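Student: Sharing protein-v4.tsv (TSV, C-alpha atoms) below.
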chain	number	residue	atom	x	y	z
T	12	MET	CA	-12.21	21.36	7.93
T	13	GLN	CA	-10.15	19.18	10.25
T	14	ALA	CA	-6.95	17.61	8.97
T	15	ILE	CA	-3.79	16.04	10.33
T	16	GLN	CA	-0.61	18.02	9.64
T	17	PHE	CA	3.04	18.02	10.63
T	18	GLU	CA	5.25	21.12	10.53
T	19	GLU	CA	8.54	19.33	11.22
T	20	PHE	CA	9.97	15.87	10.74
T	21	GLY	CA	10.00	13.52	13.71
T	22	GLY	CA	8.06	10.87	15.57
T	23	PRO	CA	4.28	10.39	15.71
T	24	ASP	CA	4.02	13.24	18.21
T	25	VAL	CA	4.65	15.81	15.43
T	26	LEU	CA	1.22	14.99	13.95
T	27	ARG	CA	-1.40	17.56	14.92
T	28	LEU	CA	-5.14	17.83	14.32
T	29	VAL	CA	-5.69	21.31	12.84
T	30	GLU	CA	-8.38	23.44	11.22
T	31	THR	CA	-7.61	24.31	7.61
T	32	ASP	CA	-9.38	25.43	4.44
T	33	VAL	CA	-11.55	23.05	2.43
T	34	PRO	CA	-9.75	22.44	-0.90
T	35	VAL	CA	-11.40	23.49	-4.16
T	36	PRO	CA	-11.31	21.02	-7.09
T	37	GLY	CA	-9.60	22.13	-10.27
T	38	PRO	CA	-10.07	20.76	-13.79
T	39	GLY	CA	-10.19	16.95	-13.78
T	40	GLN	CA	-10.47	16.72	-9.99
T	41	ILE	CA	-13.18	15.67	-7.60
T	42	ARG	CA	-13.50	16.59	-3.96
T	43	LEU	CA	-14.12	13.66	-1.65
T	44	LYS	CA	-15.84	13.99	1.68
T	45	VAL	CA	-13.55	11.41	3.23
T	46	VAL	CA	-15.11	8.47	5.02
T	47	ALA	CA	-11.93	6.37	5.24
T	48	ALA	CA	-8.24	7.09	4.60
T	49	ALA	CA	-5.66	4.33	4.50
T	50	VAL	CA	-2.44	4.41	6.54
T	51	ASN	CA	0.66	3.12	4.76
T	52	PRO	CA	4.25	2.53	5.94
T	53	ILE	CA	5.41	5.24	3.54
T	54	ASP	CA	3.40	7.73	5.63
T	55	TYR	CA	5.54	7.37	8.75
T	56	LYS	CA	8.72	7.23	6.70
T	57	ILE	CA	7.86	10.56	5.05
T	58	ARG	CA	6.85	12.03	8.43
T	59	SER	CA	10.17	10.98	9.97
T	60	GLY	CA	12.16	12.67	7.18
T	61	SER	CA	13.89	9.43	6.21
T	62	MET	CA	12.42	9.51	2.70
T	63	GLU	CA	13.35	13.11	1.82
T	64	GLY	CA	15.73	11.86	-0.86
T	65	VAL	CA	12.86	10.06	-2.63
T	66	PHE	CA	9.78	12.03	-1.58
T	67	PRO	CA	10.71	15.68	-0.90
T	68	THR	CA	8.02	17.13	1.34
T	69	ALA	CA	6.95	20.76	1.66
T	70	LEU	CA	5.93	21.62	5.22
T	71	PRO	CA	3.39	21.82	6.70
T	72	ALA	CA	2.11	18.60	5.17
T	73	THR	CA	-0.96	16.40	5.47
T	74	PRO	CA	-0.13	12.69	5.16
T	75	GLY	CA	-1.93	10.06	3.13
T	76	PHE	CA	-2.33	9.07	-0.52
T	77	GLU	CA	-5.57	7.08	-0.71
T	78	ALA	CA	-9.11	7.56	0.48
T	79	ALA	CA	-12.71	6.57	-0.02
T	80	GLY	CA	-15.77	8.72	0.51
T	81	THR	CA	-18.59	10.59	-1.16
T	82	VAL	CA	-18.07	12.95	-4.09
T	83	ASP	CA	-18.74	16.42	-2.71
T	84	ALA	CA	-17.82	18.54	-5.73
T	85	VAL	CA	-16.42	18.04	-9.25
T	86	GLY	CA	-14.12	20.17	-11.36
T	87	ASP	CA	-14.37	20.89	-15.07
T	88	GLY	CA	-13.98	17.89	-17.34
T	89	VAL	CA	-15.06	15.25	-14.82
T	90	ASP	CA	-17.77	13.08	-16.37
T	91	HIS	CA	-17.27	9.64	-14.80
T	92	LEU	CA	-18.27	10.62	-11.26
T	93	ALA	CA	-21.14	12.72	-9.95
T	94	VAL	CA	-21.81	14.61	-6.73
T	95	GLY	CA	-23.23	12.25	-4.12
T	96	GLU	CA	-21.59	9.14	-5.60
T	97	ALA	CA	-19.43	6.86	-3.46
T	98	ALA	CA	-15.88	6.76	-4.83
T	99	PHE	CA	-12.30	5.89	-3.96
T	100	GLY	CA	-8.85	6.51	-5.33
T	101	PHE	CA	-5.54	8.34	-5.05
T	102	THR	CA	-5.64	11.74	-3.42
T	103	ASP	CA	-3.84	14.79	-4.78
T	104	THR	CA	-4.03	16.45	-1.37
T	105	GLY	CA	-3.38	14.67	1.93
T	106	ALA	CA	-5.91	11.92	2.71
T	107	TYR	CA	-5.77	12.38	6.50
T	108	ALA	CA	-8.49	15.02	6.35
T	109	GLU	CA	-12.24	15.57	6.23
T	110	TYR	CA	-12.00	16.54	2.55
T	111	ALA	CA	-9.44	15.64	-0.13
T	112	LEU	CA	-9.00	16.26	-3.85
T	113	ALA	CA	-8.46	13.42	-6.29
T	114	SER	CA	-7.91	13.23	-10.03
T	115	VAL	CA	-7.68	9.40	-10.20
T	116	ALA	CA	-10.81	8.01	-8.57
T	117	VAL	CA	-13.53	5.56	-9.57
T	118	PRO	CA	-16.94	4.50	-8.25
T	119	LYS	CA	-16.78	2.38	-5.10
T	120	PRO	CA	-18.24	-1.09	-5.63
T	121	GLU	CA	-21.22	-1.77	-3.39
T	122	GLU	CA	-19.52	-5.00	-2.34
T	123	LEU	CA	-16.74	-3.02	-0.61
T	124	SER	CA	-17.01	-0.97	2.55
T	125	PHE	CA	-15.41	2.47	2.51
T	126	GLU	CA	-12.61	1.09	4.68
T	127	GLU	CA	-11.96	-1.81	2.31
T	128	ALA	CA	-11.96	0.49	-0.71
T	129	ALA	CA	-9.47	2.89	0.86
T	130	ALA	CA	-7.23	-0.04	1.79
T	131	LEU	CA	-7.28	-1.47	-1.73
T	132	THR	CA	-6.05	1.52	-3.76
T	133	SER	CA	-2.32	1.76	-3.15
T	134	ALA	CA	-1.75	-1.87	-2.21
T	135	ALA	CA	-3.23	-3.13	-5.48
T	136	GLU	CA	-1.37	-0.54	-7.58
T	137	THR	CA	1.98	-1.34	-5.95
T	138	ALA	CA	1.44	-5.07	-6.29
T	139	GLN	CA	0.47	-4.73	-9.97
T	140	ARG	CA	3.40	-2.44	-10.75
T	141	THR	CA	6.03	-4.63	-9.12
T	142	LEU	CA	4.72	-7.91	-10.50
T	143	ASP	CA	4.77	-6.30	-13.96
T	144	LEU	CA	8.38	-5.19	-13.39
T	145	LEU	CA	9.24	-8.76	-12.42
T	146	ALA	CA	7.28	-10.14	-15.40
T	147	VAL	CA	5.81	-12.86	-13.21
T	148	ALA	CA	4.17	-15.48	-15.41
T	149	ALA	CA	2.23	-18.72	-15.15
T	150	GLY	CA	4.26	-21.68	-13.95
T	151	GLU	CA	6.90	-19.56	-12.21
T	152	THR	CA	7.74	-19.48	-8.51
T	153	VAL	CA	7.80	-16.05	-6.87
T	154	LEU	CA	9.05	-15.29	-3.36
T	155	ILE	CA	7.19	-12.43	-1.65
T	156	HIS	CA	8.67	-10.95	1.51
T	157	GLY	CA	6.04	-9.48	3.81
T	158	ALA	CA	3.33	-11.58	2.20
T	159	ALA	CA	0.82	-10.93	5.00
T	160	GLY	CA	1.03	-7.12	4.79
T	161	GLY	CA	-1.20	-4.89	2.68
T	162	VAL	CA	0.92	-4.87	-0.50
T	163	GLY	CA	2.02	-8.44	0.14
T	164	THR	CA	-1.56	-9.67	0.36
T	165	ALA	CA	-2.44	-7.92	-2.90
T	166	ALA	CA	0.69	-9.26	-4.61
T	167	VAL	CA	-0.07	-12.80	-3.45
T	168	GLN	CA	-3.57	-12.70	-4.95
T	169	LEU	CA	-2.46	-11.10	-8.23
T	170	ALA	CA	0.51	-13.49	-8.61
T	171	LEU	CA	-1.69	-16.51	-8.00
T	172	SER	CA	-4.20	-15.19	-10.53
T	173	ARG	CA	-1.36	-15.19	-13.09
T	174	GLY	CA	-0.80	-18.89	-12.43
T	175	ALA	CA	2.39	-18.45	-10.41
T	176	ARG	CA	3.34	-20.43	-7.33
T	177	VAL	CA	3.90	-18.16	-4.32
T	178	ILE	CA	6.22	-18.60	-1.35
T	179	GLY	CA	5.62	-15.93	1.25
T	180	THR	CA	7.71	-14.84	4.22
T	181	ALA	CA	5.81	-13.80	7.33
T	182	SER	CA	5.78	-14.29	11.08
T	183	PRO	CA	4.52	-17.75	12.10
T	184	ALA	CA	1.30	-16.26	13.51
T	185	ARG	CA	0.30	-15.27	9.97
T	186	HIS	CA	1.10	-18.56	8.25
T	187	SER	CA	-2.40	-20.04	8.49
T	188	ALA	CA	-3.91	-16.99	6.78
T	189	LEU	CA	-1.35	-17.28	3.97
T	190	ARG	CA	-2.04	-20.98	3.51
T	191	ALA	CA	-5.73	-20.16	3.17
T	192	LEU	CA	-4.83	-17.92	0.20
T	193	GLY	CA	-2.79	-20.68	-1.44
T	194	VAL	CA	0.67	-19.50	-0.34
T	195	VAL	CA	3.53	-21.66	0.93
T	196	PRO	CA	4.58	-19.70	4.06
T	197	VAL	CA	8.10	-19.54	5.50
T	198	ALA	CA	9.37	-17.68	8.56
T	199	TYR	CA	11.67	-14.67	8.55
T	200	GLY	CA	15.11	-14.71	10.17
T	201	ASP	CA	18.22	-16.87	10.30
T	202	GLY	CA	18.04	-19.89	8.04
T	203	LEU	CA	15.68	-18.24	5.54
T	204	VAL	CA	17.65	-19.40	2.50
T	205	ALA	CA	17.49	-23.04	3.62
T	206	ARG	CA	13.77	-22.83	4.37
T	207	VAL	CA	12.99	-21.33	0.97
T	208	ARG	CA	15.13	-23.92	-0.80
T	209	GLU	CA	13.27	-26.66	1.03
T	210	ALA	CA	9.95	-25.15	-0.07
T	211	ALA	CA	11.17	-24.56	-3.63
T	212	PRO	CA	14.00	-26.98	-4.46
T	213	GLU	CA	13.71	-25.96	-8.13
T	214	GLY	CA	14.58	-22.36	-7.16
T	215	VAL	CA	12.70	-19.07	-7.29
T	216	ASP	CA	12.18	-17.15	-10.51
T	217	ALA	CA	11.49	-13.74	-8.99
T	218	VAL	CA	11.52	-11.99	-5.61
T	219	LEU	CA	9.34	-9.13	-4.39
T	220	ASP	CA	10.36	-7.49	-1.12
T	221	THR	CA	7.55	-5.51	0.50
T	222	ALA	CA	8.96	-5.70	4.03
T	223	GLY	CA	12.37	-4.01	3.90
T	224	LYS	CA	13.73	-6.12	6.73
T	225	GLY	CA	17.19	-6.86	5.36
T	226	ALA	CA	16.19	-9.81	3.17
T	227	LEU	CA	17.99	-8.61	0.03
T	228	PRO	CA	21.26	-10.55	0.58
T	229	ASP	CA	19.27	-13.77	1.03
T	230	SER	CA	17.16	-12.89	-2.01
T	231	VAL	CA	20.24	-12.42	-4.19
T	232	GLU	CA	21.59	-15.76	-2.97
T	233	LEU	CA	18.29	-17.46	-3.76
T	234	ARG	CA	18.44	-16.00	-7.27
T	235	GLY	CA	21.81	-17.64	-7.83
T	236	GLY	CA	23.91	-14.64	-6.84
T	237	THR	CA	22.27	-12.19	-9.24
T	238	PRO	CA	19.99	-9.23	-8.48
T	239	ASP	CA	18.09	-9.97	-11.69
T	240	ARG	CA	14.30	-10.14	-11.17
T	241	ILE	CA	14.38	-8.82	-7.61
T	242	VAL	CA	12.32	-5.74	-6.75
T	243	THR	CA	11.95	-4.00	-3.39
T	244	ILE	CA	9.57	-1.25	-2.37
T	245	ALA	CA	10.92	-0.98	1.17
T	246	ASP	CA	14.68	-1.51	1.49
T	247	PRO	CA	16.79	1.66	1.00
T	248	ALA	CA	19.88	-0.56	0.62
T	249	ALA	CA	18.63	-1.77	-2.78
T	250	ALA	CA	21.39	-0.02	-4.75
T	251	ASP	CA	24.06	-1.70	-2.63
T	252	TYR	CA	22.94	-5.05	-4.04
T	253	GLY	CA	22.05	-3.89	-7.55
T	254	VAL	CA	18.38	-4.50	-6.81
T	255	THR	CA	15.58	-2.46	-8.39
T	256	PHE	CA	13.82	-0.09	-5.98
T	257	SER	CA	10.32	0.73	-7.20
T	258	SER	CA	8.65	3.80	-5.70
T	259	LYS	CA	6.83	5.71	-8.44
T	260	ALA	CA	3.12	4.93	-8.36
T	261	VAL	CA	1.23	4.41	-11.60
T	262	ARG	CA	-1.97	6.39	-11.06
T	263	ASP	CA	-3.99	4.99	-13.91
T	264	LEU	CA	-7.79	5.30	-14.02
T	265	ALA	CA	-8.30	2.14	-16.08
T	266	GLN	CA	-6.08	0.07	-13.80
T	267	LEU	CA	-7.87	1.35	-10.68
T	268	ALA	CA	-11.23	0.47	-12.26
T	269	ALA	CA	-9.92	-3.02	-13.08
T	270	HIS	CA	-8.86	-3.53	-9.48
T	271	ALA	CA	-12.30	-2.34	-8.35
T	272	ARG	CA	-13.92	-4.99	-10.56
T	273	LEU	CA	-11.64	-7.72	-9.17
T	274	ALA	CA	-12.50	-6.63	-5.64
T	275	ALA	CA	-16.24	-6.59	-6.40
T	276	GLU	CA	-15.90	-10.16	-7.68
T	277	GLY	CA	-14.10	-11.21	-4.49
T	278	ARG	CA	-10.87	-11.94	-6.34
T	279	LEU	CA	-8.82	-9.14	-4.77
T	280	ARG	CA	-9.43	-8.11	-1.18
T	281	ILE	CA	-7.23	-6.38	1.38
T	282	PRO	CA	-8.30	-7.07	4.97
T	283	VAL	CA	-8.67	-4.11	7.30
T	284	ALA	CA	-6.80	-4.71	10.55
T	285	GLU	CA	-7.97	-1.73	12.59
T	286	VAL	CA	-9.85	1.55	12.21
T	287	PHE	CA	-8.73	4.67	14.12
T	288	PRO	CA	-10.40	8.06	14.51
T	289	LEU	CA	-8.63	10.82	12.59
T	290	ALA	CA	-7.36	12.41	15.81
T	291	ASP	CA	-5.46	9.18	16.57
T	292	ALA	CA	-3.34	9.34	13.41
T	293	GLY	CA	-0.16	9.30	15.50
T	294	ARG	CA	-1.22	6.07	17.19
T	295	ALA	CA	-2.11	4.57	13.82
T	296	GLN	CA	1.29	5.45	12.35
T	297	HIS	CA	3.02	4.04	15.44
T	298	ALA	CA	1.15	0.76	14.89
T	299	SER	CA	2.11	0.83	11.22
T	300	GLU	CA	5.77	1.22	12.11
T	301	HIS	CA	5.95	-1.28	14.96
T	302	GLY	CA	3.67	-4.07	13.85
T	303	HIS	CA	-0.05	-4.78	13.93
T	304	ALA	CA	-2.60	-7.41	13.00
T	305	PRO	CA	-2.61	-8.57	9.35
T	306	GLY	CA	-4.19	-6.11	6.95
T	307	LYS	CA	-4.37	-2.36	6.49
T	308	LEU	CA	-4.86	0.39	9.03
T	309	VAL	CA	-7.53	2.96	8.28
T	310	LEU	CA	-8.49	6.39	9.64
T	311	ARG	CA	-12.06	7.71	9.82
T	312	PRO	CA	-12.54	11.49	10.04
As structure tokens, how would this structure be written, given the file I've shared?

Tutor:
Amino acid sequence: MQAIQFEEFGGPDVLRLVETDVPVPGPGQIRLKVVAAAVNPIDYKIRSGSMEGVFPTALPATPGFEAAGTVDAVGDGVDHLAVGEAAFGFTDTGAYAEYALASVAVPKPEELSFEEAAALTSAAETAQRTLDLLAVAAGETVLIHGAAGGVGTAAVQLALSRGARVIGTASPARHSALRALGVVPVAYGDGLVARVREAAPEGVDAVLDTAGKGALPDSVELRGGTPDRIVTIADPAAADYGVTFSSKAVRDLAQLAAHARLAAEGRLRIPVAEVFPLADAGRAQHASEHGHAPGKLVLRP
């Protein structure tokens, strides 16, 4: 099969399209014939070597953690998915490939395209996990940095569904889309604290940073000088400010199925910004690192 691999850490140019063996599912695993694999910021950070302290990577490696496709084979003990069924979930082997193994996968709702399903998996899990860590509740005000990104968009929808008020930082070009979701948008950059205080004079109860663009000092100030109830998934300087850095995914079958139901009902959707052929994985990761249209980037083998 064809897959993307890198044998050394570096820029997008280290990604190569190679021929490799088709993986064989073990107990509890399915094999997906991948139709769509999502591209996440963590992918280029792992590829660059900057995340070795958090995500040690054995080389050569195939990037990607989430995919959607058709079940091609099932291992022993799998009874919730059948060969030929459309499914999506977290991959145990790299998702940037024609085939991938997965032990946490669920049926794909008919209401979702393969691209939308692949884009939903990690974004929804990360949003759920971090909002749970923050204990966001009805009536509270939560500030979400990077509110127009993949995780940010999921977090916005889940926070609003809890009855919270959401203030979201994003570039001005993305403010109208955030308003349409029910978010109060504010711009990044100098003067952020004043803009947030104007939008929420009563203060913010919790802060979720999905952007990693140096907003932690402002976040601590907005929380009254305390790192309490601030979580980042993207800023490696978290420890310097006493802020919680959340990186360990919760790969839970029931939670993934619940997110699938919300998506089927139209209550949780992650827009797809652009679809790239598998061979253009380097270009997709470059776009992920340097900015792109709102939504997730997806590869199609």

Student: Name the residues within 12 Å of (-14.2, 26.8, -3.7), counting all atoms listed in the file in the file's coordinates, and put them as a ChimeraX atom specification.

Tutor: /T:32-37,41-42,83-86,112

Student: Could you check which of T:Pro305, T:Thr102, T:Ala108, T:Gln168 is closest to T:Ser187, using all atoms listed in the file?

Tutor: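 Among T:Pro305, T:Thr102, T:Ala108, T:Gln168, it is T:Pro305 that comes nearest to T:Ser187.
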
Student: In Å, rounded to a single decimal, give me how far atom CA of T:Pro118 is from atom CA of T:Arg272.

Tutor: 10.2 Å

Student: Which is closest to T:Arg27 among T:Gly306, T:Gly293, T:Pro212, T:Pro52, if we use only C-alpha atoms?

Tutor: T:Gly293

Student: With a distance cut-off of 6 Å and all atoms listed in the file, select the neighbouring residues of stretch 237-249 of chain T, excluding the residue or stretch itself and same-chain residues fewer than 6 positions from it, and output the selection as a PyMOL selection string.

Tutor: chain T and resi 145+217-223+231+255-257

Student: Looking at T:Thr104, T:Ala72, T:Pro38, T:Ile53, which one is nearest to T:Gly88, with distances taken over only C-alpha atoms?

Tutor: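 The shortest atom-to-atom distance to T:Gly88 comes from T:Pro38.
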
Student: Closest to T:Arg234 among T:Ala106, T:Val261, T:Leu154, T:Ala79, using all atoms listed in the file?

Tutor: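 Ranking T:Ala106, T:Val261, T:Leu154, T:Ala79 by distance to T:Arg234, first place goes to T:Leu154.
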
Student: Near T:Val207, counting only C-alpha atoms, which residues have an atom at most 10 Å away, once you skip same-chain residues fewer than 4 positions from it, shown as a ChimeraX atom specification?

Tutor: /T:154,178-180,195-198,202-203,211-212,214-215,229-230,233

Student: Between T:Ala250, T:Ala226, T:Ala47, T:Ser114, which is the closest to T:Ala128 once you count all atoms listed in the file?

Tutor: T:Ala47

Student: Return the single residue from T:Ala130, T:Ile15, T:Leu142, T:Ala188 that is closest to T:Gly105, with distances computed using all atoms listed in the file.

Tutor: T:Ile15

Student: Hey, can you check how far atom CA of T:Pro288 sits from atom CA of T:Val309?

Tutor: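 Separation of atom CA of T:Pro288 and atom CA of T:Val309: 8.5 Å.
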
Student: Do you have the atom CA of T:Gly200-atom CA of T:Ala181 distance handy?

Tutor: 9.8 Å

Student: Can you tell me which residues surround T:Glu109 at a distance of at most 8 Å, considering only C-alpha atoms, apart from same-chain residues fewer than 4 positions away, and format the answer as a list in words?

Tutor: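 Result of the neighbour search: Met12, Gln13, Ala14, Lys44, Val45, Val46 and Pro312 of chain T.
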
Student: Can you write out the residues you just picked, keeping C-alpha atoms, as an mmCIF file, in the frame of the given file?

Tutor:
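See out-v3.cif below for the written result:
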data_model
loop_
_atom_site.group_PDB
_atom_site.id
_atom_site.type_symbol
_atom_site.label_atom_id
_atom_site.label_comp_id
_atom_site.auth_asym_id
_atom_site.auth_seq_id
_atom_site.Cartn_x
_atom_site.Cartn_y
_atom_site.Cartn_z
ATOM 1 C CA MET T 12 -12.210 21.360 7.930
ATOM 2 C CA GLN T 13 -10.150 19.180 10.250
ATOM 3 C CA ALA T 14 -6.950 17.610 8.970
ATOM 4 C CA LYS T 44 -15.840 13.990 1.680
ATOM 5 C CA VAL T 45 -13.550 11.410 3.230
ATOM 6 C CA VAL T 46 -15.110 8.470 5.020
ATOM 7 C CA PRO T 312 -12.540 11.490 10.040
#

Student: Please provide as a list in words all residues within 9 Å of T:Ala292, with the sequence filter that same-chain residues fewer than 6 positions apart are discarded (counting all atoms listed in the file).

Tutor: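 Skipping anything fewer than 6 positions along the chain leaves Ile15, Pro23, Leu26, Arg27, Leu28, Val50, Tyr107 and Leu310 of chain T.
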
Student: Leaving out T:Glu121 and any residue of its chain fewer than 3 positions from it, which residues lie within 12 Å of it when counting only C-alpha atoms, given as a count of residues only?

Tutor: 15

Student: Which protein, DNA or RNA residues have an atom at most 7 Å from (1.5, 1.6, -1.9), counting all atoms listed in the file? List them as a PyMOL selection string.

Tutor: chain T and resi 51+133-134+136-137+162
